[in-house]
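J.: Below is the file data_24.pdb, which contains PDB, C-alpha atoms.
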ATOM      1  CA  MET A  26       0.000   0.000   0.000
ATOM      2  CA  LYS A  27       2.868   2.354   0.757
ATOM      3  CA  ASP A  28       4.415   1.733  -2.648
ATOM      4  CA  LYS A  29       1.231   2.764  -4.375
ATOM      5  CA  SER A  30       0.857   6.019  -2.418
ATOM      6  CA  SER A  31       4.569   6.711  -2.783
ATOM      7  CA  SER A  32       4.318   6.242  -6.543
ATOM      8  CA  LEU A  33       1.281   8.508  -6.683
ATOM      9  CA  THR A  34       3.117  11.184  -4.695
ATOM     10  CA  LYS A  35       6.134  10.935  -7.011
ATOM     11  CA  ASN A  36       3.871  11.366 -10.052
ATOM     12  CA  LYS A  37       2.281  14.475  -8.558
ATOM     13  CA  VAL A  38       5.669  15.938  -7.676
ATOM     14  CA  PHE A  39       6.986  15.266 -11.179
ATOM     15  CA  SER A  40       3.852  16.816 -12.694
ATOM     16  CA  VAL A  41       4.373  19.984 -10.677
ATOM     17  CA  LEU A  42       8.074  20.039 -11.588
ATOM     18  CA  ARG A  43       7.252  19.602 -15.294
ATOM     19  CA  PHE A  44       4.773  22.457 -15.048
ATOM     20  CA  PHE A  45       7.398  24.772 -13.544
ATOM     21  CA  LEU A  46       9.946  23.605 -16.105
ATOM     22  CA  LEU A  47       7.494  24.521 -18.873
ATOM     23  CA  ILE A  48       7.058  27.976 -17.361
ATOM     24  CA  VAL A  49      10.836  28.433 -17.178
ATOM     25  CA  LEU A  50      11.201  27.307 -20.811
ATOM     26  CA  CYS A  51       8.519  29.740 -21.987
ATOM     27  CA  VAL A  52      10.043  32.670 -20.132
ATOM     28  CA  SER A  53      13.525  31.740 -21.369
ATOM     29  CA  ALA A  54      12.329  31.465 -24.960
ATOM     30  CA  SER A  55      10.672  34.857 -24.748
ATOM     31  CA  VAL A  56      13.819  36.454 -23.347
ATOM     32  CA  ILE A  57      16.133  34.723 -25.838
ATOM     33  CA  LEU A  58      13.985  34.894 -28.989
ATOM     34  CA  VAL A  59      11.093  37.311 -28.711
ATOM     35  CA  TRP A  60      12.719  40.240 -26.949
ATOM     36  CA  PRO A  61      15.604  40.662 -29.444
ATOM     37  CA  LEU A  62      13.175  40.416 -32.386
ATOM     38  CA  TRP A  63      10.906  42.988 -30.786
ATOM     39  CA  LYS A  64      13.854  45.280 -30.097
ATOM     40  CA  PHE A  65      15.072  44.860 -33.692
ATOM     41  CA  SER A  66      11.620  45.632 -35.105
ATOM     42  CA  ILE A  67      11.319  48.761 -32.978
ATOM     43  CA  SER A  68      14.847  49.987 -33.734
ATOM     44  CA  PHE A  69      14.884  49.305 -37.496
ATOM     45  CA  PRO A  70      11.290  48.895 -38.725
ATOM     46  CA  LYS A  71      12.076  49.154 -42.446
ATOM     47  CA  VAL A  72      14.885  46.595 -42.316
ATOM     48  CA  TYR A  73      12.753  44.278 -40.168
ATOM     49  CA  THR A  74       9.871  44.568 -42.652
ATOM     50  CA  ILE A  75      12.142  43.829 -45.613
ATOM     51  CA  ILE A  76      13.669  40.792 -43.898
ATOM     52  CA  THR A  77      10.291  39.462 -42.751
ATOM     53  CA  LEU A  78       8.678  39.877 -46.170
ATOM     54  CA  SER A  79      11.715  38.310 -47.834
ATOM     55  CA  LEU A  80      11.479  35.260 -45.581
ATOM     56  CA  ILE A  81       7.754  34.936 -46.270
ATOM     57  CA  GLY A  82       8.437  35.279 -50.015
ATOM     58  CA  LEU A  83      11.125  32.599 -49.874
ATOM     59  CA  ALA A  84       8.763  30.279 -48.015
ATOM     60  CA  VAL A  85       6.046  30.804 -50.636
ATOM     61  CA  LEU A  86       8.586  30.245 -53.422
ATOM     62  CA  TYR A  87       9.770  27.028 -51.764
ATOM     63  CA  LEU A  88       6.180  25.783 -51.446
ATOM     64  CA  CYS A  89       5.490  26.632 -55.096
ATOM     65  CA  ILE A  90       8.589  24.781 -56.314
ATOM     66  CA  ASN A  91       7.730  21.737 -54.197
ATOM     67  CA  LYS A  92       4.170  21.793 -55.536
ATOM     68  CA  ILE A  93       5.397  21.880 -59.132
ATOM     69  CA  ARG A  94       7.875  19.035 -58.645
ATOM     70  CA  LYS A  95       5.498  16.667 -56.862
ATOM     71  CA  SER A  96       2.197  17.212 -58.661
ATOM     72  CA  SER A  97       0.404  16.669 -61.914
ATOM     73  CA  LEU A  98      -0.321  19.478 -64.353
ATOM     74  CA  SER A  99      -3.920  19.910 -63.191
ATOM     75  CA  SER A 100      -2.833  20.216 -59.555
ATOM     76  CA  VAL A 101      -0.237  22.820 -60.504
ATOM     77  CA  ILE A 102      -2.832  24.822 -62.465
ATOM     78  CA  LYS A 103      -5.245  24.601 -59.520
ATOM     79  CA  PHE A 104      -2.553  25.722 -57.058
ATOM     80  CA  PHE A 105      -1.412  28.709 -59.118
ATOM     81  CA  GLY A 106      -4.979  29.698 -59.964
ATOM     82  CA  ASN A 107      -5.910  29.708 -56.288
ATOM     83  CA  LEU A 108      -2.708  31.570 -55.437
ATOM     84  CA  LEU A 109      -3.350  34.200 -58.110
ATOM     85  CA  ILE A 110      -6.981  34.725 -57.083
ATOM     86  CA  THR A 111      -6.068  34.904 -53.390
ATOM     87  CA  CYS A 112      -3.173  37.335 -53.867
ATOM     88  CA  THR A 113      -5.237  39.554 -56.159
ATOM     89  CA  GLY A 114      -8.138  39.583 -53.706
ATOM     90  CA  ILE A 115      -5.895  40.424 -50.764
ATOM     91  CA  PHE A 116      -4.121  43.151 -52.740
ATOM     92  CA  PHE A 117      -7.317  44.903 -53.792
ATOM     93  CA  SER A 118      -8.970  44.453 -50.392
ATOM     94  CA  VAL A 119      -6.018  46.096 -48.667
ATOM     95  CA  LYS A 120      -5.864  48.799 -51.336
ATOM     96  CA  PHE A 121      -9.525  49.690 -50.830
ATOM     97  CA  VAL A 122      -9.193  49.638 -47.031
ATOM     98  CA  LEU A 123      -6.219  51.996 -47.226
ATOM     99  CA  ASN A 124      -8.248  54.280 -49.502
ATOM    100  CA  GLU A 125     -11.010  54.196 -46.853
ATOM    101  CA  LYS A 126     -13.462  52.314 -49.063
ATOM    102  CA  LYS A 127     -14.190  49.551 -46.572
ATOM    103  CA  LEU A 128     -17.487  48.412 -48.062
ATOM    104  CA  ILE A 129     -15.878  47.867 -51.465
ATOM    105  CA  ALA A 130     -13.004  46.042 -49.737
ATOM    106  CA  LEU A 131     -15.499  43.726 -48.038
ATOM    107  CA  ALA A 132     -17.218  43.083 -51.378
ATOM    108  CA  VAL A 133     -13.849  42.282 -53.000
ATOM    109  CA  PHE A 134     -12.993  39.926 -50.128
ATOM    110  CA  ILE A 135     -16.308  38.070 -50.444
ATOM    111  CA  LEU A 136     -15.960  37.997 -54.244
ATOM    112  CA  THR A 137     -12.496  36.480 -53.821
ATOM    113  CA  ILE A 138     -13.904  33.627 -51.737
ATOM    114  CA  ILE A 139     -16.661  33.048 -54.297
ATOM    115  CA  LEU A 140     -14.163  33.103 -57.188
ATOM    116  CA  ILE A 141     -11.965  30.527 -55.455
ATOM    117  CA  ALA A 142     -14.959  28.248 -54.907
ATOM    118  CA  VAL A 143     -16.144  28.612 -58.528
ATOM    119  CA  PHE A 144     -12.617  28.109 -59.903
ATOM    120  CA  ASN A 145     -12.133  24.916 -57.890
ATOM    121  CA  TYR A 146     -15.596  23.641 -58.828
ATOM    122  CA  ILE A 147     -14.937  24.205 -62.533
ATOM    123  CA  LEU A 148     -11.533  22.503 -62.365
ATOM    124  CA  ASN A 149     -12.995  19.513 -60.528
ATOM    125  CA  ARG A 150     -15.763  19.199 -63.160
ATOM    126  CA  ILE A 151     -13.212  19.392 -66.001
ATOM    127  CA  ARG A 152     -10.910  16.864 -64.324
ATOM    128  CA  HIS A 153     -13.665  14.289 -63.739
ATOM    129  CA  GLU A 154     -15.199  14.463 -67.219
TER     130      GLU A 154
END
With the file now loaded, output its structure as structure tokens.

T.:
Amino acid sequence: MKDKSSSLTKNKVFSVLRFFLLIVLCVSASVILVWPLWKFSISFPKVYTIITLSLIGLAVLYLCINKIRKSSLSSVIKFFGNLLITCTGIFFSVKFVLNEKKLIALAVFILTIILIAVFNYILNRIRHE
């Protein structure tokens, strides 16, 4: 009986220790990673923006190249069509919001979603015929 209660106590102690270790890891990660990035973004906002957008662009380029290498022609057409429609919709939505035409931006955003759905429906119908 003592072994069972001793084992249960050890499990509870280890659970509490793991919890505190997780807290220490989160605080350490924020001090080591997040604070320098925040400081960099505040000190040099233009450089930070250029680096961040470049990394996002490289990630999108990598995903596009992987998609082309691993897929059939119809999948590649579907991917680039969706990418083109999405990027165009985001661009014009942001443009209209910045020009303070929020209702038009909302209409463009909704139209973008509808265009993506119609485009995918048409491609699926063509592929299965």

J.: Just give me the gap between CA of Lys92 (chain A) and CA of Phe104 (chain A) in Å, one decimal is fine.

T.: 7.9 Å

J.: Taking only C-alpha atoms into account, which of A:Val133, A:Val52, A:Ile147, A:Leu47 comes nearest Thr113 (chain A)?

T.: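 Using only C-alpha atoms, the shortest distance to Thr113 (chain A) belongs to A:Val133.
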
J.: If you measure from CA of Ile115 (chain A) to CA of Ala130 (chain A), what distance in Å do you get, rounded to one decimal?

T.: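 These two atoms are separated by 9.1 Å.
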
J.: What gap, in Å, lies between CA of Lys71 (chain A) and CA of Ile90 (chain A)?

T.: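 These atoms are spaced 28.3 Å apart.
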
J.: Which is closest to Tyr73 (chain A) among A:Pro61, A:Phe116, A:Leu86, A:Ile110, if we use only C-alpha atoms?

T.: A:Pro61

J.: Closest to Phe134 (chain A) among A:Leu46, A:Ile93, A:Leu58, A:Val119, using only C-alpha atoms?

T.: A:Val119

J.: Skipping near chain neighbours, those fewer than 2 positions away, what residues fall within 12 Å of Arg152 (chain A) using only C-alpha atoms, listed as a list in words?

T.: Ser97, Leu98, Ser99, Ser100, Ile102, Lys103, Asn145, Tyr146, Ile147, Leu148, Asn149, Arg150 and Glu154 of chain A

J.: Within 12 Å of Leu88 (chain A), counting only C-alpha atoms, which residues show up once you throw out same-chain ones fewer than 6 positions away? Write them as an NGL selection string, please.

T.: :A and (81-82 or 94-96 or 101 or 104-105 or 108)

J.: Neighbourhood query: residues within 10 Å of (-10.2, 32.3, -48.3), file coordinates, counting only C-alpha atoms; return as a list in words.

T.: Asn107, Ile110, Thr111, Gly114, Ile115, Phe134, Ile135, Thr137, Ile138, Ile139, Leu140, Ile141 and Ala142 of chain A
